[in-house]
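Trainee: I'm passing along start-v5.cif; it holds mmCIF, C-alpha atoms.
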data_start
#
loop_
_atom_site.label_atom_id
_atom_site.label_comp_id
_atom_site.auth_asym_id
_atom_site.auth_seq_id
_atom_site.Cartn_x
_atom_site.Cartn_y
_atom_site.Cartn_z
CA MET A 295 -51.25 207.61 134.06
CA THR A 296 -49.10 205.32 136.22
CA PRO A 297 -45.41 205.37 135.29
CA THR A 298 -43.63 202.06 134.72
CA GLU A 299 -40.39 201.14 136.46
CA SER A 300 -38.48 201.71 133.16
CA GLU A 301 -39.98 205.16 132.81
CA LEU A 302 -39.09 206.12 136.38
CA GLU A 303 -35.57 204.77 135.92
CA ALA A 304 -35.12 206.88 132.75
CA LEU A 305 -36.41 209.97 134.57
CA ARG A 306 -33.93 209.33 137.40
CA GLU A 307 -31.10 209.04 134.86
CA ALA A 308 -32.28 212.19 133.01
CA ILE A 309 -32.28 214.13 136.30
CA SER A 310 -28.76 212.94 136.98
CA ARG A 311 -27.66 214.08 133.49
CA ALA A 312 -29.43 217.43 133.91
CA ARG A 313 -27.66 218.10 137.21
CA GLU A 314 -24.35 217.12 135.65
CA ALA A 315 -24.93 219.57 132.73
CA ALA A 316 -25.92 222.30 135.20
CA GLY A 317 -22.76 221.71 137.20
CA SER A 318 -20.41 221.94 134.24
CA GLY A 319 -21.33 225.37 132.85
CA PRO A 320 -23.81 228.21 132.68
CA LEU A 321 -26.68 225.98 131.54
CA ALA A 322 -29.81 225.16 133.53
CA GLY A 323 -29.49 221.47 132.78
CA ILE A 324 -32.45 220.03 130.91
CA SER A 325 -32.44 216.36 129.92
CA ALA A 326 -34.85 214.06 128.16
CA ALA A 327 -35.14 210.41 127.17
CA VAL A 328 -37.15 208.13 124.93
CA VAL A 329 -38.20 204.86 126.58
CA GLY A 330 -39.43 201.77 124.76
CA PRO A 331 -40.65 198.37 125.89
CA GLU A 332 -37.05 197.32 126.59
CA GLY A 333 -36.06 200.49 128.46
CA ALA A 334 -34.42 203.77 127.41
CA VAL A 335 -33.36 203.90 123.76
CA ALA A 336 -31.93 207.45 123.77
CA PHE A 337 -31.10 210.39 126.02
CA GLY A 338 -30.56 214.03 125.10
CA THR A 339 -29.47 217.20 126.86
CA ASN A 340 -30.18 220.75 125.72
CA GLU A 341 -27.75 221.77 122.93
CA VAL A 342 -29.16 225.19 121.98
CA HIS A 343 -26.10 227.19 122.95
CA ALA A 344 -23.58 224.48 122.14
CA ASN A 345 -24.88 224.41 118.55
CA CYS A 346 -26.25 227.97 118.06
CA ASP A 347 -29.53 226.26 117.24
CA ALA A 348 -32.75 227.22 119.02
CA THR A 349 -34.37 223.95 117.96
CA ARG A 350 -31.98 221.67 119.88
CA HIS A 351 -33.99 221.28 123.06
CA ALA A 352 -33.26 218.15 125.09
CA GLU A 353 -36.44 216.43 123.88
CA ILE A 354 -35.67 217.15 120.20
CA VAL A 355 -32.16 215.75 120.67
CA ALA A 356 -33.56 212.63 122.37
CA LEU A 357 -36.22 212.10 119.67
CA SER A 358 -33.60 212.53 116.92
CA ARG A 359 -31.27 210.02 118.58
CA ALA A 360 -34.09 207.53 119.17
CA GLY A 361 -35.07 207.71 115.50
CA ALA A 362 -31.46 207.14 114.48
CA ALA A 363 -31.03 204.26 116.95
CA LEU A 364 -34.19 202.51 115.78
CA GLY A 365 -33.91 203.44 112.10
CA ALA A 366 -37.44 204.86 112.10
CA ALA A 367 -39.01 208.27 112.51
CA ASP A 368 -42.10 206.58 113.99
CA LEU A 369 -41.64 206.00 117.71
CA SER A 370 -45.17 204.76 118.43
CA GLY A 371 -45.36 202.80 121.66
CA HIS A 372 -42.54 204.77 123.27
CA THR A 373 -42.65 207.30 126.10
CA LEU A 374 -41.05 210.74 126.16
CA ILE A 375 -39.37 211.59 129.48
CA SER A 376 -38.14 215.04 130.47
CA THR A 377 -36.81 216.81 133.54
CA LEU A 378 -38.96 219.83 132.54
CA GLN A 379 -42.45 220.04 131.04
CA PRO A 380 -41.90 219.99 127.26
CA CYS A 381 -42.45 223.26 125.43
CA GLU A 382 -44.90 223.50 122.55
CA MET A 383 -42.21 222.64 119.96
CA CYS A 384 -41.21 219.46 121.79
CA LEU A 385 -44.80 218.47 122.52
CA ALA A 386 -45.69 218.66 118.82
CA ALA A 387 -42.45 216.80 117.96
CA MET A 388 -43.50 214.06 120.37
CA ARG A 389 -46.82 213.69 118.56
CA PHE A 390 -45.19 213.78 115.09
CA SER A 391 -43.05 210.90 116.37
CA GLY A 392 -46.22 208.96 117.20
CA ILE A 393 -45.56 209.06 120.96
CA GLN A 394 -48.64 209.11 123.20
CA ARG A 395 -47.08 208.91 126.69
CA LEU A 396 -45.25 211.71 128.46
CA LEU A 397 -43.63 211.75 131.91
CA PHE A 398 -41.85 214.80 133.29
CA ALA A 399 -40.60 216.32 136.53
CA ALA A 400 -40.88 220.15 136.77
CA ARG A 401 -44.28 221.56 135.85
CA LYS A 402 -44.83 224.80 133.94
CA GLU A 403 -46.55 226.53 136.85
CA ASN A 404 -43.47 226.04 139.04
CA VAL A 405 -40.72 227.25 136.65
CA ALA A 406 -39.70 230.45 134.84
CA GLY A 407 -42.11 231.59 132.14
CA LYS A 408 -39.54 231.80 129.36
CA TYR A 409 -39.55 228.06 128.79
CA PHE A 410 -42.90 228.40 127.01
CA MET A 411 -43.77 230.41 123.90
CA PHE A 412 -47.57 230.21 124.09
CA PRO A 413 -47.95 230.37 127.86
CA SER A 414 -51.71 230.61 128.07
CA LEU A 415 -52.16 227.26 126.28
CA THR A 416 -52.05 224.31 128.69
CA LEU A 417 -51.30 220.61 128.26
CA GLU A 418 -55.03 220.05 128.57
CA ASP A 419 -55.64 222.47 125.68
CA TYR A 420 -53.18 220.53 123.53
CA ARG A 421 -54.61 217.19 124.52
CA ALA A 422 -58.12 218.40 123.66
CA ALA A 423 -56.89 219.76 120.29
CA SER A 424 -55.00 216.55 119.46
CA GLY A 425 -56.69 214.04 117.19
CA GLU A 426 -55.38 210.90 118.87
CA GLY A 427 -54.68 212.38 122.30
CA PHE A 428 -51.90 211.43 124.68
CA ALA A 429 -51.42 210.56 128.35
CA TYR A 430 -49.15 212.60 130.59
CA LEU A 431 -47.96 212.86 134.16
CA GLY A 432 -45.95 215.81 135.49
CA GLY A 433 -44.52 216.65 138.88
CA VAL A 434 -42.76 213.32 139.42
CA MET A 435 -39.47 213.84 141.35
CA GLU A 436 -40.16 217.56 140.84
CA GLU A 437 -38.41 218.76 144.02
CA GLU A 438 -35.15 217.31 142.74
CA VAL A 439 -34.98 219.73 139.79
CA LEU A 440 -37.03 222.85 140.59
CA ASP A 441 -33.96 224.85 141.66
CA LEU A 442 -32.53 224.39 138.13
CA TYR A 443 -35.43 226.12 136.40
CA ARG A 444 -36.10 229.16 138.56
CA ASP A 445 -34.21 231.66 136.38
CA GLY A 446 -35.16 230.51 132.88
CA LYS A 447 -31.65 229.44 131.88
CA GLU A 448 -31.35 226.80 129.16
CA MET B 6 -48.35 242.18 106.79
CA THR B 7 -46.87 243.20 103.42
CA PRO B 8 -44.08 240.92 102.20
CA THR B 9 -40.79 242.49 101.12
CA GLU B 10 -39.17 241.72 97.76
CA SER B 11 -36.51 239.58 99.55
CA GLU B 12 -39.20 237.58 101.30
CA LEU B 13 -41.10 236.96 98.05
CA GLU B 14 -37.88 235.99 96.29
CA ALA B 15 -37.07 233.46 99.04
CA LEU B 16 -40.59 232.03 98.81
CA ARG B 17 -40.20 231.67 95.04
CA GLU B 18 -36.89 229.85 95.56
CA ALA B 19 -38.41 227.63 98.28
CA ILE B 20 -41.26 226.67 95.95
CA SER B 21 -38.74 225.78 93.28
CA ARG B 22 -36.81 223.59 95.75
CA ALA B 23 -40.04 221.97 96.99
CA ARG B 24 -41.07 221.05 93.45
CA GLU B 25 -37.60 219.68 92.78
CA ALA B 26 -37.78 217.49 95.94
CA ALA B 27 -41.25 216.32 94.94
CA GLY B 28 -40.03 215.39 91.48
CA SER B 29 -37.08 213.34 92.71
CA GLY B 30 -38.85 210.82 94.96
CA PRO B 31 -41.91 209.89 96.98
CA LEU B 32 -41.84 213.09 99.04
CA ALA B 33 -44.44 215.87 98.93
CA GLY B 34 -41.74 218.53 98.70
CA ILE B 35 -41.78 221.01 101.56
CA SER B 36 -39.19 223.77 101.68
CA ALA B 37 -38.46 226.67 104.00
CA ALA B 38 -36.07 229.60 104.30
CA VAL B 39 -34.85 232.15 106.81
CA VAL B 40 -34.57 235.68 105.41
CA GLY B 41 -32.62 238.52 106.99
CA PRO B 42 -32.10 242.16 106.10
CA GLU B 43 -29.62 241.12 103.38
CA GLY B 44 -31.78 238.34 101.91
CA ALA B 45 -32.01 234.59 102.49
CA VAL B 46 -29.47 233.20 104.97
CA ALA B 47 -30.56 229.56 104.83
CA PHE B 48 -32.90 227.13 103.08
CA GLY B 49 -34.09 223.72 104.20
CA THR B 50 -36.14 220.88 102.77
CA ASN B 51 -37.97 218.20 104.75
CA GLU B 52 -35.51 215.49 105.92
CA VAL B 53 -37.81 213.35 108.08
CA HIS B 54 -37.54 210.20 106.01
CA ALA B 55 -33.99 210.82 104.82
CA ASN B 56 -32.84 210.94 108.44
CA CYS B 57 -35.42 208.77 110.26
CA ASP B 58 -36.10 211.82 112.39
CA ALA B 59 -39.63 213.18 112.83
CA THR B 60 -38.23 216.54 113.97
CA ARG B 61 -36.49 217.39 110.68
CA HIS B 62 -39.23 219.41 109.08
CA ALA B 63 -38.11 221.91 106.43
CA GLU B 64 -38.50 224.86 108.81
CA ILE B 65 -36.44 223.17 111.57
CA VAL B 66 -33.70 222.41 109.03
CA ALA B 67 -33.74 226.04 107.81
CA LEU B 68 -33.67 227.44 111.37
CA SER B 69 -30.78 225.13 112.30
CA ARG B 70 -28.80 226.15 109.22
CA ALA B 71 -29.49 229.85 109.78
CA GLY B 72 -28.23 229.58 113.36
CA ALA B 73 -25.10 227.81 112.16
CA ALA B 74 -24.54 230.36 109.36
CA LEU B 75 -24.91 233.32 111.71
CA GLY B 76 -23.29 231.74 114.76
CA ALA B 77 -26.30 232.59 116.90
CA ALA B 78 -29.43 230.77 118.05
CA ASP B 79 -31.22 234.14 118.18
CA LEU B 80 -32.62 235.05 114.76
CA SER B 81 -34.52 238.16 115.84
CA GLY B 82 -35.27 240.46 112.92
CA HIS B 83 -35.47 237.58 110.46
CA THR B 84 -38.48 236.12 108.63
CA LEU B 85 -39.44 232.46 108.36
CA ILE B 86 -40.64 231.44 104.89
CA SER B 87 -42.33 228.14 104.05
CA THR B 88 -44.13 226.55 101.15
CA LEU B 89 -46.64 225.12 103.68
CA GLN B 90 -48.15 226.64 106.82
CA PRO B 91 -45.75 225.67 109.63
CA CYS B 92 -46.95 223.00 112.04
CA GLU B 93 -47.08 223.66 115.76
CA MET B 94 -43.52 222.37 116.29
CA CYS B 95 -42.08 224.71 113.67
CA LEU B 96 -44.18 227.66 114.82
CA ALA B 97 -42.86 227.31 118.37
CA ALA B 98 -39.31 226.83 117.00
CA MET B 99 -39.73 230.09 115.06
CA ARG B 100 -40.64 231.92 118.27
CA PHE B 101 -37.80 230.28 120.27
CA SER B 102 -35.53 231.65 117.53
CA GLY B 103 -36.89 235.14 118.20
CA ILE B 104 -38.54 235.39 114.76
CA GLN B 105 -41.71 237.48 114.59
CA ARG B 106 -42.49 237.42 110.85
CA LEU B 107 -43.87 234.45 108.92
CA LEU B 108 -44.72 234.15 105.21
CA PHE B 109 -46.06 230.94 103.69
CA ALA B 110 -47.86 229.61 100.63
CA ALA B 111 -50.30 226.73 101.29
CA ARG B 112 -52.75 227.33 104.12
CA LYS B 113 -53.89 224.67 106.60
CA GLU B 114 -57.51 224.78 105.44
CA ASN B 115 -56.46 223.85 101.90
CA VAL B 116 -54.13 220.89 102.61
CA ALA B 117 -54.31 217.40 104.13
CA GLY B 118 -55.03 217.34 107.87
CA LYS B 119 -52.03 215.21 108.81
CA TYR B 120 -49.62 218.12 108.61
CA PHE B 121 -50.97 219.40 111.93
CA MET B 122 -50.96 217.69 115.33
CA PHE B 123 -53.36 220.02 117.17
CA PRO B 124 -55.71 220.80 114.30
CA SER B 125 -58.33 222.76 116.20
CA LEU B 126 -55.77 225.37 117.30
CA THR B 127 -55.34 228.13 114.70
CA LEU B 128 -52.55 230.61 113.97
CA GLU B 129 -54.75 233.23 115.62
CA ASP B 130 -54.95 231.08 118.78
CA TYR B 131 -51.16 230.87 118.87
CA ARG B 132 -50.72 234.57 118.22
CA ALA B 133 -53.15 235.38 121.02
CA ALA B 134 -51.33 232.98 123.37
CA SER B 135 -47.90 234.34 122.46
CA GLY B 136 -46.34 236.90 124.77
CA GLU B 137 -44.66 239.02 122.11
CA GLY B 138 -46.88 238.07 119.17
CA PHE B 139 -45.87 237.70 115.54
CA ALA B 140 -47.06 238.83 112.11
CA TYR B 141 -47.96 236.31 109.42
CA LEU B 142 -49.28 236.09 105.88
CA GLY B 143 -50.39 232.84 104.27
CA GLY B 144 -51.77 231.98 100.86
CA VAL B 145 -49.08 233.79 98.85
CA MET B 146 -48.35 231.86 95.59
CA GLU B 147 -50.58 229.16 97.08
CA GLU B 148 -51.88 227.79 93.75
CA GLU B 149 -48.31 226.90 92.78
CA VAL B 150 -47.99 224.31 95.56
CA LEU B 151 -51.45 223.09 96.58
CA ASP B 152 -51.22 219.96 94.42
CA LEU B 153 -48.16 218.88 96.46
CA TYR B 154 -50.03 218.79 99.77
CA ARG B 155 -53.31 217.10 98.93
CA ASP B 156 -52.36 213.63 100.16
CA GLY B 157 -50.43 214.46 103.32
CA LYS B 158 -47.09 213.15 102.07
CA GLU B 159 -43.95 214.61 103.65
#
Can the structure from this file be put into structure tokens for me?

Mentor:
Amino acid sequence: MTPTESELEALREAISRAREAAGSGPLAGISAAVVGPEGAVAFGTNEVHANCDATRHAEIVALSRAGAALGAADLSGHTLISTLQPCEMCLAAMRFSGIQRLLFAARKENVAGKYFMFPSLTLEDYRAASGEGFAYLGGVMEEEVLDLYRDGKE
Amino acid sequence: MTPTESELEALREAISRAREAAGSGPLAGISAAVVGPEGAVAFGTNEVHANCDATRHAEIVALSRAGAALGAADLSGHTLISTLQPCEMCLAAMRFSGIQRLLFAARKENVAGKYFMFPSLTLEDYRAASGEGFAYLGGVMEEEVLDLYRDGKE
């Protein structure tokens, strides 16, 4: 998968938002975006502790906001962007949203284990188990965020 | 796993709410609950179409409400209840919430395929891939809801 300029721009912006969140409190700083043909339609940053809600990962927040912005739960044709490889919850949410492209920075093998609930299942396992499949590319701009995800903070 | 009386009571109530949702519109009717030592702390019904948000499955809504009710994202010691076997998103959300007990009615093999995004992965696969594991029991009161989930409506 070759990222488009809009996708790379959204990843750059997500990294900037993640670093800002990390700098303003005890959070790791995790940010995500949904990108459509015209560019980013929504961003989200992890809200688990802000909302006492384990489901409010950055990707879930971004998918929710994109649905609200577009007035549709179906985000087919869009790309999910994240500063960190999406967990299993967010990966399934991406597919329920109809999204088949995923671009992220930090890869699972280079971050703390606690970001994943079913650690022995890989992105390749999920792609193989997925009816329609999806394309993904991880490790892009990875060095810019790896220090955020060493300890497993959210 | 042997369900407790509180868990069975919450499942009965969830089934009642699912049938009510199914009767009031074009939705299948899917309901979920979070049960603690003192009984149910939250219920949720699928809000995907109501909110244009593919992430608002019944279980996600129930987990969000339980976190808000208890003022904590960590729901360790609680049980997730659903009228339908939780999808991969909701199963991972359950584990991110610290929940290790799951009780549900309709089983994947008896409902439409579109409720699952990675259909060849089973609950046993997820349990085996999960660090801490979890207990589950499906098929309880199943006959009372199977007609709701034949067509894959939400």

Trainee: Taking all atoms listed in the file into account, find every residue of chain B that has an atom no more than 7 Å from chain A, and write it out as a ChimeraX atom specification.

Mentor: /B:53-54,57-60,65,69,72-73,76-78,93-95,97-98,100-102,122-126,131,134-136

Trainee: Do a neighbour search on Gln90 of chain B at 12 Å with only C-alpha atoms, toss out local chain neighbours closer than 4 positions, and write the hits as a ChimeraX atom specification.

Mentor: /B:35-37,62-64,85-86,94-96,107-118,120-121,127-128,141-145,147,150-151,154

Trainee: Could I get chain A fitted onto chain B (least squares, all C-alpha atoms, in order) as a short mmCIF file (atom, residue, chain, number, x, y, z; two decimals) with C-alpha atoms, in the frame of the given file?

Mentor:
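So the final result, stored in result35.cif, reads:
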data_model
loop_
_atom_site.label_atom_id
_atom_site.label_comp_id
_atom_site.auth_asym_id
_atom_site.auth_seq_id
_atom_site.Cartn_x
_atom_site.Cartn_y
_atom_site.Cartn_z
CA MET A 295 -48.35 242.16 106.77
CA THR A 296 -46.87 243.20 103.42
CA PRO A 297 -44.08 240.92 102.21
CA THR A 298 -40.79 242.49 101.11
CA GLU A 299 -39.17 241.74 97.76
CA SER A 300 -36.51 239.59 99.56
CA GLU A 301 -39.21 237.59 101.29
CA LEU A 302 -41.10 236.97 98.05
CA GLU A 303 -37.88 236.00 96.29
CA ALA A 304 -37.08 233.46 99.05
CA LEU A 305 -40.60 232.03 98.81
CA ARG A 306 -40.20 231.68 95.03
CA GLU A 307 -36.89 229.85 95.55
CA ALA A 308 -38.41 227.63 98.29
CA ILE A 309 -41.27 226.67 95.94
CA SER A 310 -38.75 225.79 93.27
CA ARG A 311 -36.82 223.60 95.76
CA ALA A 312 -40.04 221.97 96.99
CA ARG A 313 -41.07 221.05 93.44
CA GLU A 314 -37.60 219.69 92.77
CA ALA A 315 -37.77 217.50 95.94
CA ALA A 316 -41.25 216.31 94.94
CA GLY A 317 -40.01 215.38 91.49
CA SER A 318 -37.07 213.33 92.70
CA GLY A 319 -38.82 210.82 94.97
CA PRO A 320 -41.89 209.89 96.97
CA LEU A 321 -41.83 213.09 99.04
CA ALA A 322 -44.41 215.88 98.93
CA GLY A 323 -41.74 218.54 98.70
CA ILE A 324 -41.79 221.01 101.56
CA SER A 325 -39.19 223.78 101.69
CA ALA A 326 -38.47 226.67 104.01
CA ALA A 327 -36.07 229.59 104.30
CA VAL A 328 -34.86 232.14 106.80
CA VAL A 329 -34.57 235.68 105.41
CA GLY A 330 -32.63 238.52 106.99
CA PRO A 331 -32.10 242.16 106.09
CA GLU A 332 -29.62 241.12 103.39
CA GLY A 333 -31.78 238.35 101.90
CA ALA A 334 -32.02 234.59 102.49
CA VAL A 335 -29.47 233.21 104.95
CA ALA A 336 -30.56 229.55 104.83
CA PHE A 337 -32.90 227.13 103.07
CA GLY A 338 -34.11 223.72 104.21
CA THR A 339 -36.15 220.87 102.77
CA ASN A 340 -37.97 218.20 104.74
CA GLU A 341 -35.52 215.50 105.92
CA VAL A 342 -37.81 213.35 108.09
CA HIS A 343 -37.53 210.20 106.02
CA ALA A 344 -33.99 210.82 104.83
CA ASN A 345 -32.84 210.94 108.47
CA CYS A 346 -35.43 208.75 110.27
CA ASP A 347 -36.10 211.82 112.39
CA ALA A 348 -39.62 213.18 112.83
CA THR A 349 -38.24 216.53 113.97
CA ARG A 350 -36.48 217.38 110.69
CA HIS A 351 -39.24 219.42 109.08
CA ALA A 352 -38.11 221.91 106.43
CA GLU A 353 -38.50 224.85 108.82
CA ILE A 354 -36.44 223.16 111.57
CA VAL A 355 -33.70 222.41 109.04
CA ALA A 356 -33.75 226.03 107.81
CA LEU A 357 -33.67 227.45 111.37
CA SER A 358 -30.79 225.12 112.30
CA ARG A 359 -28.80 226.15 109.22
CA ALA A 360 -29.50 229.85 109.79
CA GLY A 361 -28.24 229.57 113.37
CA ALA A 362 -25.10 227.82 112.16
CA ALA A 363 -24.54 230.36 109.37
CA LEU A 364 -24.92 233.33 111.70
CA GLY A 365 -23.29 231.74 114.75
CA ALA A 366 -26.31 232.57 116.91
CA ALA A 367 -29.43 230.78 118.05
CA ASP A 368 -31.23 234.15 118.18
CA LEU A 369 -32.61 235.05 114.76
CA SER A 370 -34.52 238.16 115.84
CA GLY A 371 -35.28 240.45 112.92
CA HIS A 372 -35.47 237.57 110.44
CA THR A 373 -38.48 236.12 108.64
CA LEU A 374 -39.44 232.45 108.37
CA ILE A 375 -40.64 231.44 104.89
CA SER A 376 -42.33 228.15 104.05
CA THR A 377 -44.14 226.54 101.14
CA LEU A 378 -46.65 225.13 103.68
CA GLN A 379 -48.16 226.64 106.83
CA PRO A 380 -45.75 225.67 109.63
CA CYS A 381 -46.95 223.00 112.04
CA GLU A 382 -47.08 223.65 115.77
CA MET A 383 -43.51 222.36 116.30
CA CYS A 384 -42.08 224.70 113.66
CA LEU A 385 -44.18 227.65 114.81
CA ALA A 386 -42.86 227.31 118.37
CA ALA A 387 -39.31 226.83 116.99
CA MET A 388 -39.73 230.08 115.06
CA ARG A 389 -40.64 231.90 118.27
CA PHE A 390 -37.80 230.28 120.27
CA SER A 391 -35.53 231.64 117.53
CA GLY A 392 -36.88 235.13 118.19
CA ILE A 393 -38.54 235.38 114.76
CA GLN A 394 -41.71 237.48 114.58
CA ARG A 395 -42.49 237.41 110.84
CA LEU A 396 -43.86 234.45 108.91
CA LEU A 397 -44.72 234.15 105.21
CA PHE A 398 -46.05 230.95 103.68
CA ALA A 399 -47.86 229.62 100.63
CA ALA A 400 -50.31 226.73 101.29
CA ARG A 401 -52.75 227.33 104.13
CA LYS A 402 -53.89 224.67 106.60
CA GLU A 403 -57.50 224.78 105.45
CA ASN A 404 -56.47 223.85 101.90
CA VAL A 405 -54.13 220.89 102.61
CA ALA A 406 -54.31 217.40 104.15
CA GLY A 407 -55.02 217.33 107.87
CA LYS A 408 -52.02 215.21 108.82
CA TYR A 409 -49.62 218.12 108.60
CA PHE A 410 -50.97 219.40 111.93
CA MET A 411 -50.97 217.69 115.33
CA PHE A 412 -53.36 220.02 117.18
CA PRO A 413 -55.71 220.80 114.31
CA SER A 414 -58.33 222.76 116.20
CA LEU A 415 -55.77 225.38 117.30
CA THR A 416 -55.34 228.14 114.71
CA LEU A 417 -52.56 230.63 113.97
CA GLU A 418 -54.76 233.23 115.62
CA ASP A 419 -54.95 231.09 118.77
CA TYR A 420 -51.16 230.87 118.86
CA ARG A 421 -50.71 234.55 118.20
CA ALA A 422 -53.14 235.39 121.02
CA ALA A 423 -51.32 232.98 123.38
CA SER A 424 -47.88 234.35 122.45
CA GLY A 425 -46.32 236.91 124.76
CA GLU A 426 -44.63 239.02 122.10
CA GLY A 427 -46.87 238.06 119.17
CA PHE A 428 -45.86 237.71 115.55
CA ALA A 429 -47.04 238.82 112.11
CA TYR A 430 -47.96 236.32 109.42
CA LEU A 431 -49.28 236.10 105.89
CA GLY A 432 -50.38 232.84 104.26
CA GLY A 433 -51.77 231.99 100.86
CA VAL A 434 -49.09 233.78 98.85
CA MET A 435 -48.34 231.88 95.60
CA GLU A 436 -50.59 229.17 97.07
CA GLU A 437 -51.87 227.81 93.74
CA GLU A 438 -48.32 226.91 92.77
CA VAL A 439 -47.98 224.32 95.56
CA LEU A 440 -51.45 223.10 96.58
CA ASP A 441 -51.22 219.96 94.42
CA LEU A 442 -48.16 218.88 96.47
CA TYR A 443 -50.03 218.79 99.77
CA ARG A 444 -53.32 217.11 98.91
CA ASP A 445 -52.36 213.63 100.15
CA GLY A 446 -50.43 214.44 103.33
CA LYS A 447 -47.08 213.15 102.07
CA GLU A 448 -43.95 214.61 103.66
#

Trainee: Between A:Gly330, A:Gly338, A:Pro380, A:Pro297, single out the one closest to Ala312 of chain A, counting only C-alpha atoms.

Mentor: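 Looking at the shortest contact to Ala312 of chain A, the residue is A:Gly338.
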
Trainee: Using only C-alpha atoms - which residues lie no farther than 6 Å from the point (-52.6, 208.5, 129.8) in the file's frame? Write them as a short mmCIF file (atom, residue, chain, number, x, y, z; two decimals) with C-alpha atoms, keeping the file's coordinate frame.

Mentor:
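Output file part-v8.cif is given in full below:
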data_model
loop_
_atom_site.label_atom_id
_atom_site.label_comp_id
_atom_site.auth_asym_id
_atom_site.auth_seq_id
_atom_site.Cartn_x
_atom_site.Cartn_y
_atom_site.Cartn_z
CA MET A 295 -51.25 207.61 134.06
CA PHE A 428 -51.90 211.43 124.68
CA ALA A 429 -51.42 210.56 128.35
CA TYR A 430 -49.15 212.60 130.59
#

Trainee: Can you list what the PyMOL selection byres ((chain B and resi 26) around 12) grabs from this structure, as a ChimeraX atom specification?

Mentor: /B:19-25,27-36,49-52,55,63,153,158-159

Trainee: Please, what distance in Å, to one decimal, runs between atom CA of Ala336 of chain A and atom CA of Gly446 of chain A?

Mentor: 25.0 Å

Trainee: Please report the interatomic distance between atom CA of Ala304 of chain A and atom CA of Glu418 of chain A in Å with one decimal.

Mentor: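 Separating atom CA of Ala304 of chain A from atom CA of Glu418 of chain A is a distance of 24.2 Å.
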
Trainee: Closest to Thr84 of chain B among B:Arg155, B:Thr9, B:Glu18, B:Glu148, using all atoms listed in the file?

Mentor: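 Nearest to Thr84 of chain B: B:Thr9.
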
Trainee: Give me, please, the distance in Å between atom CA of Phe337 of chain A and atom CA of Ala67 of chain B, quoted to one decimal.

Mentor: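 Atom CA of Ala67 of chain B lies at a distance of 24.2 Å from atom CA of Phe337 of chain A.
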
Trainee: Since the input is missing atoms, can you rebuild N, CA and C atoms for segment 102-113 of chain B and write them as a short mmCIF file (atom, residue, chain, number, x, y, z; two decimals), in the coordinates of the input?

Mentor:
data_model
loop_
_atom_site.label_atom_id
_atom_site.label_comp_id
_atom_site.auth_asym_id
_atom_site.auth_seq_id
_atom_site.Cartn_x
_atom_site.Cartn_y
_atom_site.Cartn_z
N SER B 102 -36.62 231.01 118.27
CA SER B 102 -35.53 231.65 117.53
C SER B 102 -35.64 233.17 117.55
N GLY B 103 -36.71 233.68 118.12
CA GLY B 103 -36.89 235.14 118.20
C GLY B 103 -37.52 235.75 116.96
N ILE B 104 -37.97 234.90 116.02
CA ILE B 104 -38.54 235.39 114.76
C ILE B 104 -40.00 235.80 114.96
N GLN B 105 -40.35 236.96 114.42
CA GLN B 105 -41.71 237.48 114.59
C GLN B 105 -42.41 237.78 113.26
N ARG B 106 -41.85 237.26 112.16
CA ARG B 106 -42.49 237.42 110.85
C ARG B 106 -42.52 236.08 110.13
N LEU B 107 -43.66 235.76 109.55
CA LEU B 107 -43.87 234.45 108.92
C LEU B 107 -44.63 234.64 107.62
N LEU B 108 -44.07 234.10 106.53
CA LEU B 108 -44.72 234.15 105.21
C LEU B 108 -44.79 232.73 104.67
N PHE B 109 -45.96 232.30 104.22
CA PHE B 109 -46.06 230.94 103.69
C PHE B 109 -47.07 230.87 102.56
N ALA B 110 -46.98 229.79 101.79
CA ALA B 110 -47.86 229.61 100.63
C ALA B 110 -49.13 228.85 101.03
N ALA B 111 -49.08 227.52 101.06
CA ALA B 111 -50.30 226.73 101.29
C ALA B 111 -50.83 226.88 102.71
N ARG B 112 -52.12 227.16 102.81
CA ARG B 112 -52.75 227.33 104.12
C ARG B 112 -53.37 226.02 104.61
N LYS B 113 -53.37 225.87 105.93
CA LYS B 113 -53.89 224.67 106.60
C LYS B 113 -55.24 224.22 106.06
#
